[in-house]
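File shown: input_3.csv. Contents: CSV, C-alpha atoms and all ligand atoms.
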```
chain,number,residue,atom,x,y,z
P,3,MET,CA,0.0,0.0,0.0
P,4,SER,CA,1.3,3.4,-0.9
P,5,THR,CA,2.0,6.1,1.8
P,6,GLU,CA,-0.9,8.4,2.3
P,7,ARG,CA,-1.0,12.1,3.2
P,8,THR,CA,-3.6,14.1,5.2
P,9,LEU,CA,-4.2,17.8,6.0
P,10,VAL,CA,-4.3,18.5,9.8
P,11,LEU,CA,-5.3,21.9,11.1
P,12,VAL,CA,-4.8,22.9,14.7
P,13,LYS,CA,-7.7,25.4,14.8
P,14,PRO,CA,-7.6,28.8,16.5
P,15,ASP,CA,-8.9,27.4,19.8
P,16,GLY,CA,-6.0,24.8,19.9
P,17,VAL,CA,-3.4,27.4,19.1
P,18,ALA,CA,-4.8,30.0,21.6
P,19,ARG,CA,-4.9,27.4,24.4
P,20,GLY,CA,-1.2,26.5,23.8
P,21,LEU,CA,-2.1,23.0,22.7
P,22,THR,CA,-0.2,22.9,19.4
P,23,GLY,CA,2.8,21.0,20.7
P,24,THR,CA,0.6,18.5,22.6
P,25,ILE,CA,-1.6,17.9,19.5
P,26,LEU,CA,1.3,17.5,17.1
P,27,SER,CA,3.1,15.3,19.6
P,28,ARG,CA,0.1,13.0,19.9
P,29,ILE,CA,0.0,12.5,16.1
P,30,GLU,CA,3.8,11.9,16.0
P,31,ALA,CA,3.5,9.5,18.9
P,32,LYS,CA,1.0,7.4,17.0
P,33,GLY,CA,3.7,7.0,14.4
P,34,TYR,CA,2.9,9.5,11.7
P,35,SER,CA,5.5,11.9,10.2
P,36,ILE,CA,5.3,15.6,9.6
P,37,ALA,CA,5.8,16.3,5.9
P,38,ASP,CA,5.1,20.1,6.0
P,39,LEU,CA,4.2,22.5,8.8
P,40,LYS,CA,3.4,26.2,9.2
P,41,GLN,CA,1.4,28.8,11.2
P,42,VAL,CA,-1.0,30.8,9.1
P,43,TYR,CA,-3.8,33.4,9.4
P,44,ALA,CA,-6.5,32.2,7.2
P,45,THR,CA,-8.5,34.4,4.8
P,46,ARG,CA,-12.2,34.2,4.1
P,47,ASP,CA,-11.3,33.2,0.5
P,48,LEU,CA,-9.1,30.3,1.7
P,49,LEU,CA,-11.8,29.1,4.1
P,50,GLU,CA,-14.5,29.2,1.5
P,51,GLN,CA,-12.4,26.9,-0.6
P,52,HIS,CA,-11.5,24.7,2.3
P,53,TYR,CA,-15.1,24.4,3.6
P,54,ALA,CA,-16.8,24.4,0.2
P,55,GLU,CA,-18.8,21.3,1.1
P,56,HIS,CA,-20.4,23.2,4.1
P,57,ALA,CA,-21.4,26.4,2.2
P,58,GLY,CA,-25.0,27.3,3.0
P,59,LYS,CA,-25.2,25.2,6.2
P,60,PRO,CA,-26.4,27.1,9.4
P,61,PHE,CA,-23.0,26.7,11.0
P,62,PHE,CA,-21.0,27.9,8.0
P,63,GLU,CA,-20.7,31.6,8.9
P,64,PRO,CA,-19.9,31.0,12.6
P,65,LEU,CA,-17.4,28.4,11.5
P,66,VAL,CA,-15.6,30.9,9.1
P,67,GLU,CA,-15.7,33.6,11.8
P,68,PHE,CA,-14.2,31.1,14.3
P,69,MET,CA,-11.5,30.1,11.8
P,70,LEU,CA,-10.6,33.8,11.2
P,71,SER,CA,-10.3,34.5,15.0
P,72,GLY,CA,-6.6,33.7,15.4
P,73,PRO,CA,-3.7,31.8,13.9
P,74,ILE,CA,-4.0,28.3,12.7
P,75,VAL,CA,-1.2,25.6,12.5
P,76,ALA,CA,-1.5,23.7,9.2
P,77,ALA,CA,0.4,20.4,8.8
P,78,VAL,CA,0.7,17.6,6.3
P,79,PHE,CA,1.1,14.3,8.0
P,80,GLU,CA,2.0,11.1,6.2
P,81,GLY,CA,1.9,7.3,6.8
P,82,GLN,CA,-0.1,4.2,6.0
P,83,ARG,CA,-3.8,4.9,6.4
P,84,VAL,CA,-3.1,8.3,8.1
P,85,ILE,CA,-6.4,9.8,7.0
P,86,GLU,CA,-8.4,7.2,8.9
P,87,GLY,CA,-5.8,7.0,11.7
P,88,PHE,CA,-5.9,10.7,12.4
P,89,ARG,CA,-9.7,10.9,12.3
P,90,SER,CA,-9.8,8.1,14.8
P,91,LEU,CA,-7.2,9.9,17.0
P,92,ALA,CA,-9.1,13.2,16.7
P,93,GLY,CA,-12.5,11.7,17.9
P,94,ALA,CA,-16.0,12.7,17.2
P,95,THR,CA,-16.9,16.2,16.0
P,96,GLU,CA,-18.5,17.2,19.4
P,97,PRO,CA,-15.8,17.4,22.1
P,98,THR,CA,-18.3,16.8,25.0
P,99,THR,CA,-19.1,13.3,23.8
P,100,ALA,CA,-15.9,12.5,21.9
P,101,ALA,CA,-14.4,9.4,23.4
P,102,PRO,CA,-11.8,9.8,26.1
P,103,GLY,CA,-8.4,8.9,24.7
P,104,THR,CA,-9.0,11.1,21.6
P,105,ILE,CA,-7.7,14.6,21.1
P,106,ARG,CA,-11.2,16.2,21.2
P,107,GLY,CA,-12.4,13.9,24.0
P,108,ASP,CA,-9.3,14.6,26.2
P,109,LEU,CA,-8.7,18.2,25.4
P,110,GLY,CA,-12.0,19.7,24.3
P,111,ARG,CA,-15.3,20.7,25.8
P,112,ASP,CA,-18.4,22.8,25.0
P,113,TRP,CA,-17.7,26.5,25.5
P,114,GLY,CA,-21.3,27.7,24.9
P,115,VAL,CA,-20.5,29.4,21.6
P,116,LYS,CA,-22.2,29.2,18.3
P,117,VAL,CA,-20.0,26.6,16.6
P,118,GLN,CA,-18.2,23.5,17.8
P,119,GLN,CA,-14.7,24.6,18.8
P,120,ASN,CA,-13.1,21.2,18.5
P,121,LEU,CA,-9.3,21.9,18.2
P,122,VAL,CA,-8.5,20.0,15.0
P,123,HIS,CA,-9.5,19.3,11.4
P,124,GLY,CA,-8.5,16.3,9.5
P,125,SER,CA,-9.2,15.4,5.8
P,126,ASP,CA,-11.9,12.7,5.3
P,127,SER,CA,-10.8,11.0,2.1
P,128,THR,CA,-7.8,10.8,-0.2
P,129,GLU,CA,-9.5,13.2,-2.7
P,130,SER,CA,-10.3,15.8,0.0
P,131,ALA,CA,-6.7,15.4,1.4
P,132,GLU,CA,-5.1,16.2,-1.9
P,133,ARG,CA,-7.5,19.1,-2.5
P,134,GLU,CA,-7.1,20.6,1.0
P,135,ILE,CA,-3.3,20.3,0.9
P,136,GLY,CA,-3.4,22.3,-2.4
P,137,VAL,CA,-5.6,24.9,-0.6
P,138,TRP,CA,-3.3,25.4,2.4
P,139,PHE,CA,0.1,24.7,0.8
P,140,ALA,CA,-0.4,26.2,-2.6
P,201,LIG,P1,-13.3,18.5,10.5
P,201,LIG,O1,-13.9,18.6,9.1
P,201,LIG,O2,-13.0,19.9,11.2
P,201,LIG,O3,-12.2,17.6,10.7
P,201,LIG,O4,-14.5,18.0,11.5
P,201,LIG,P2,-15.6,17.0,11.2
P,201,LIG,O5,-15.4,16.3,9.9
P,201,LIG,O6,-15.7,16.2,12.4
P,201,LIG,O7,-16.9,17.9,11.1
P,201,LIG,P3,-17.7,18.5,9.8
P,201,LIG,O8,-19.0,17.9,9.8
P,201,LIG,O9,-16.8,18.4,8.6
P,201,LIG,O10,-17.8,20.0,10.2
P,201,LIG,C1,-16.7,20.9,10.0
P,201,LIG,C2,-16.5,21.7,11.3
P,201,LIG,O11,-17.6,22.6,11.5
P,201,LIG,C3,-17.9,22.8,12.9
P,201,LIG,N1,-19.2,22.4,13.2
P,201,LIG,N2,-19.9,23.0,14.1
P,201,LIG,N3,-23.4,22.4,14.7
P,201,LIG,C4,-22.2,22.9,15.0
P,201,LIG,O12,-22.0,23.7,15.8
P,201,LIG,C5,-21.1,22.5,14.1
P,201,LIG,N4,-21.2,21.5,13.1
P,201,LIG,C6,-20.0,21.5,12.5
P,201,LIG,C7,-16.9,22.0,13.6
P,201,LIG,O13,-15.8,22.8,13.9
P,201,LIG,C8,-16.5,20.9,12.6
P,201,LIG,O14,-15.2,20.4,12.9
P,202,MG,MG,-15.1,17.4,8.0
```
In structure tokens, write the structure found in this file.
Amino acid sequence: MSTERTLVLVKPDGVARGLTGTILSRIEAKGYSIADLKQVYATRDLLEQHYAEHAGKPFFEPLVEFMLSGPIVAAVFEGQRVIEGFRSLAGATEPTTAAPGTIRGDLGRDWGVKVQQNLVHGSDSTESAEREIGVWFA
């Protein structure tokens, strides 16, 4: 099987809470490698490309506002089945009920705000991974 790549974002809540190192370290500790890494301030244009599948949903605008609220750390991780492996490590979308042992389950909670602030993003397929890596590492 060929080595796979995925796009991981440490979202503004993760960076602001000083969890970037912890999160990247947990991914490395599982055995995946960093292929590229940078801190960025997203733009609305970039986020509209990244979240194109969510355009028009009720949480889209609060999501974009949240993602514009501070710096993001964007990383490309690689390894066998890293897309599935990272999503498993990240846990379910909602941190309150994400399983303990996952990044969202261990490090996240409900903050009573309009959109789920859930620390990380991970691509959900090989097609979206290659598309998203192109968006963030153009
Ligand atoms: P991600 O794309 O960030 O890895 O997360 P995901 O697949 O688990 O979640 P997805 O359904 O793709 O939604 C993208 C992001 O939008 C925010 N969201 N908030 N109802 C809500 O408050 C809500 N629903 C989605 C989350 O930040 C989610 O990660
Ligand atoms: Mg998603």
Q: Let me have all residues with an atom within 9 Å of ligand MG 202 (chain P), counting all atoms listed in the file, laid out as an MDAnalysis selection string.
A: chainID P and resid 53 55:56 95 123:126
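For ligand LIG 201 (chain P), the neighbouring polymer residues at 6 Å or closer are Phe61, Leu65, Ala94, Thr95, Val117, Gln118, Gln119, Asn120, Val122, His123 and Gly124 of chain P, only C-alpha atoms and all ligand atoms being used.
Remark: for P:Phe68, the closest of the candidate residues P:Leu109, P:Ala18, P:Ala37, P:Ala131 is P:Ala18 (distances computed over all atoms listed in the file).
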Near P:Ala100, counting all atoms listed in the file, which residues have an atom at most 12 Å away, once you skip same-chain residues fewer than 5 positions from it, shown as a tab-separated table (two decimals) with C-alpha atoms, in the coordinates of the input?
```
chain	number	residue	atom	x	y	z
P	89	ARG	CA	-9.70	10.90	12.30
P	90	SER	CA	-9.80	8.10	14.80
P	91	LEU	CA	-7.20	9.90	17.00
P	92	ALA	CA	-9.10	13.20	16.70
P	93	GLY	CA	-12.50	11.70	17.90
P	94	ALA	CA	-16.00	12.70	17.20
P	95	THR	CA	-16.90	16.20	16.00
P	105	ILE	CA	-7.70	14.60	21.10
P	106	ARG	CA	-11.20	16.20	21.20
P	107	GLY	CA	-12.40	13.90	24.00
P	108	ASP	CA	-9.30	14.60	26.20
P	109	LEU	CA	-8.70	18.20	25.40
P	110	GLY	CA	-12.00	19.70	24.30
P	111	ARG	CA	-15.30	20.70	25.80
P	112	ASP	CA	-18.40	22.80	25.00
P	118	GLN	CA	-18.20	23.50	17.80
P	120	ASN	CA	-13.10	21.20	18.50
```
Q: Would you kindly return, as a list in words, each protein, DNA or RNA residue with an atom no farther than 12 Å from any atom of P:Leu70, considering all atoms listed in the file and excluding same-chain residues fewer than 5 positions away?
A: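 The residues that qualify are Lys13, Pro14, Asp15, Val42, Tyr43, Ala44, Thr45, Arg46, Asp47, Leu48, Leu49, Glu50, Glu63, Pro64 and Leu65 of chain P.
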Go ahead and save the residues from that selection, with C-alpha atoms, as a short mmCIF file (atom, residue, chain, number, x, y, z; two decimals), in the coordinates of the input.
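Written output follows (out_15.cif):
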```cif
data_model
loop_
_atom_site.label_atom_id
_atom_site.label_comp_id
_atom_site.auth_asym_id
_atom_site.auth_seq_id
_atom_site.Cartn_x
_atom_site.Cartn_y
_atom_site.Cartn_z
CA LYS P 13 -7.70 25.40 14.80
CA PRO P 14 -7.60 28.80 16.50
CA ASP P 15 -8.90 27.40 19.80
CA VAL P 42 -1.00 30.80 9.10
CA TYR P 43 -3.80 33.40 9.40
CA ALA P 44 -6.50 32.20 7.20
CA THR P 45 -8.50 34.40 4.80
CA ARG P 46 -12.20 34.20 4.10
CA ASP P 47 -11.30 33.20 0.50
CA LEU P 48 -9.10 30.30 1.70
CA LEU P 49 -11.80 29.10 4.10
CA GLU P 50 -14.50 29.20 1.50
CA GLU P 63 -20.70 31.60 8.90
CA PRO P 64 -19.90 31.00 12.60
CA LEU P 65 -17.40 28.40 11.50
#
```
Q.
Calculated over all atoms listed in the file, which of the candidates P:Glu134, P:Glu6, P:Glu129, P:Glu96 has the smallest distance to P:Ser35?
A.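 Looking at the shortest contact to P:Ser35, the residue is P:Glu6.
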Q.
Please report the interatomic distance between atom CA of P:Pro60 and atom CA of P:Gly16 in Å with one decimal.
A.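 Atom CA of P:Gly16 lies 23.1 Å from atom CA of P:Pro60.
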Q: Could you give me, as a PyMOL selection string, the residues within 10 Å of P:Val12, counting only C-alpha atoms and dropping anything in the same chain fewer than 6 positions from it?
A: chain P and resi 18+21-23+25-26+41+73-77+120-124
Q: Enter the distance from atom CA of P:Glu80 to atom CA of P:Val137, in Å, rounded to one decimal.
A: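 A separation of 17.2 Å between them.
Rounded to one decimal, atom CA of P:Ile85 and atom CA of P:Thr128 lie 7.4 Å from each other.
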Q: Would you please work out which residue, of P:Trp138, P:Arg133, P:Phe62, P:Gly87, is nearest to P:Leu11 when using all atoms listed in the file?
A: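 Among P:Trp138, P:Arg133, P:Phe62, P:Gly87, it is P:Trp138 that comes nearest to P:Leu11.
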Q | Residue with smallest distance to P:Ala31 - pool P:Thr99, P:Gly114, P:Val17, P:Phe88, counting all atoms listed in the file | A | P:Phe88
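Residue nearest P:Ser4 within the list P:Val84, P:Ala140, P:Val115, P:Val66: P:Val84 [criterion: smallest interatomic distance, all atoms listed in the file].
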Q: Give the answer as one residue: which of P:Gln51, P:Ile135, P:Gly20, P:Lys32 has the shortest atom-to-atom distance to P:Gln82, using all atoms listed in the file?
A: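 Once distances to P:Gln82 are computed over all atoms listed in the file, the minimum belongs to P:Lys32.
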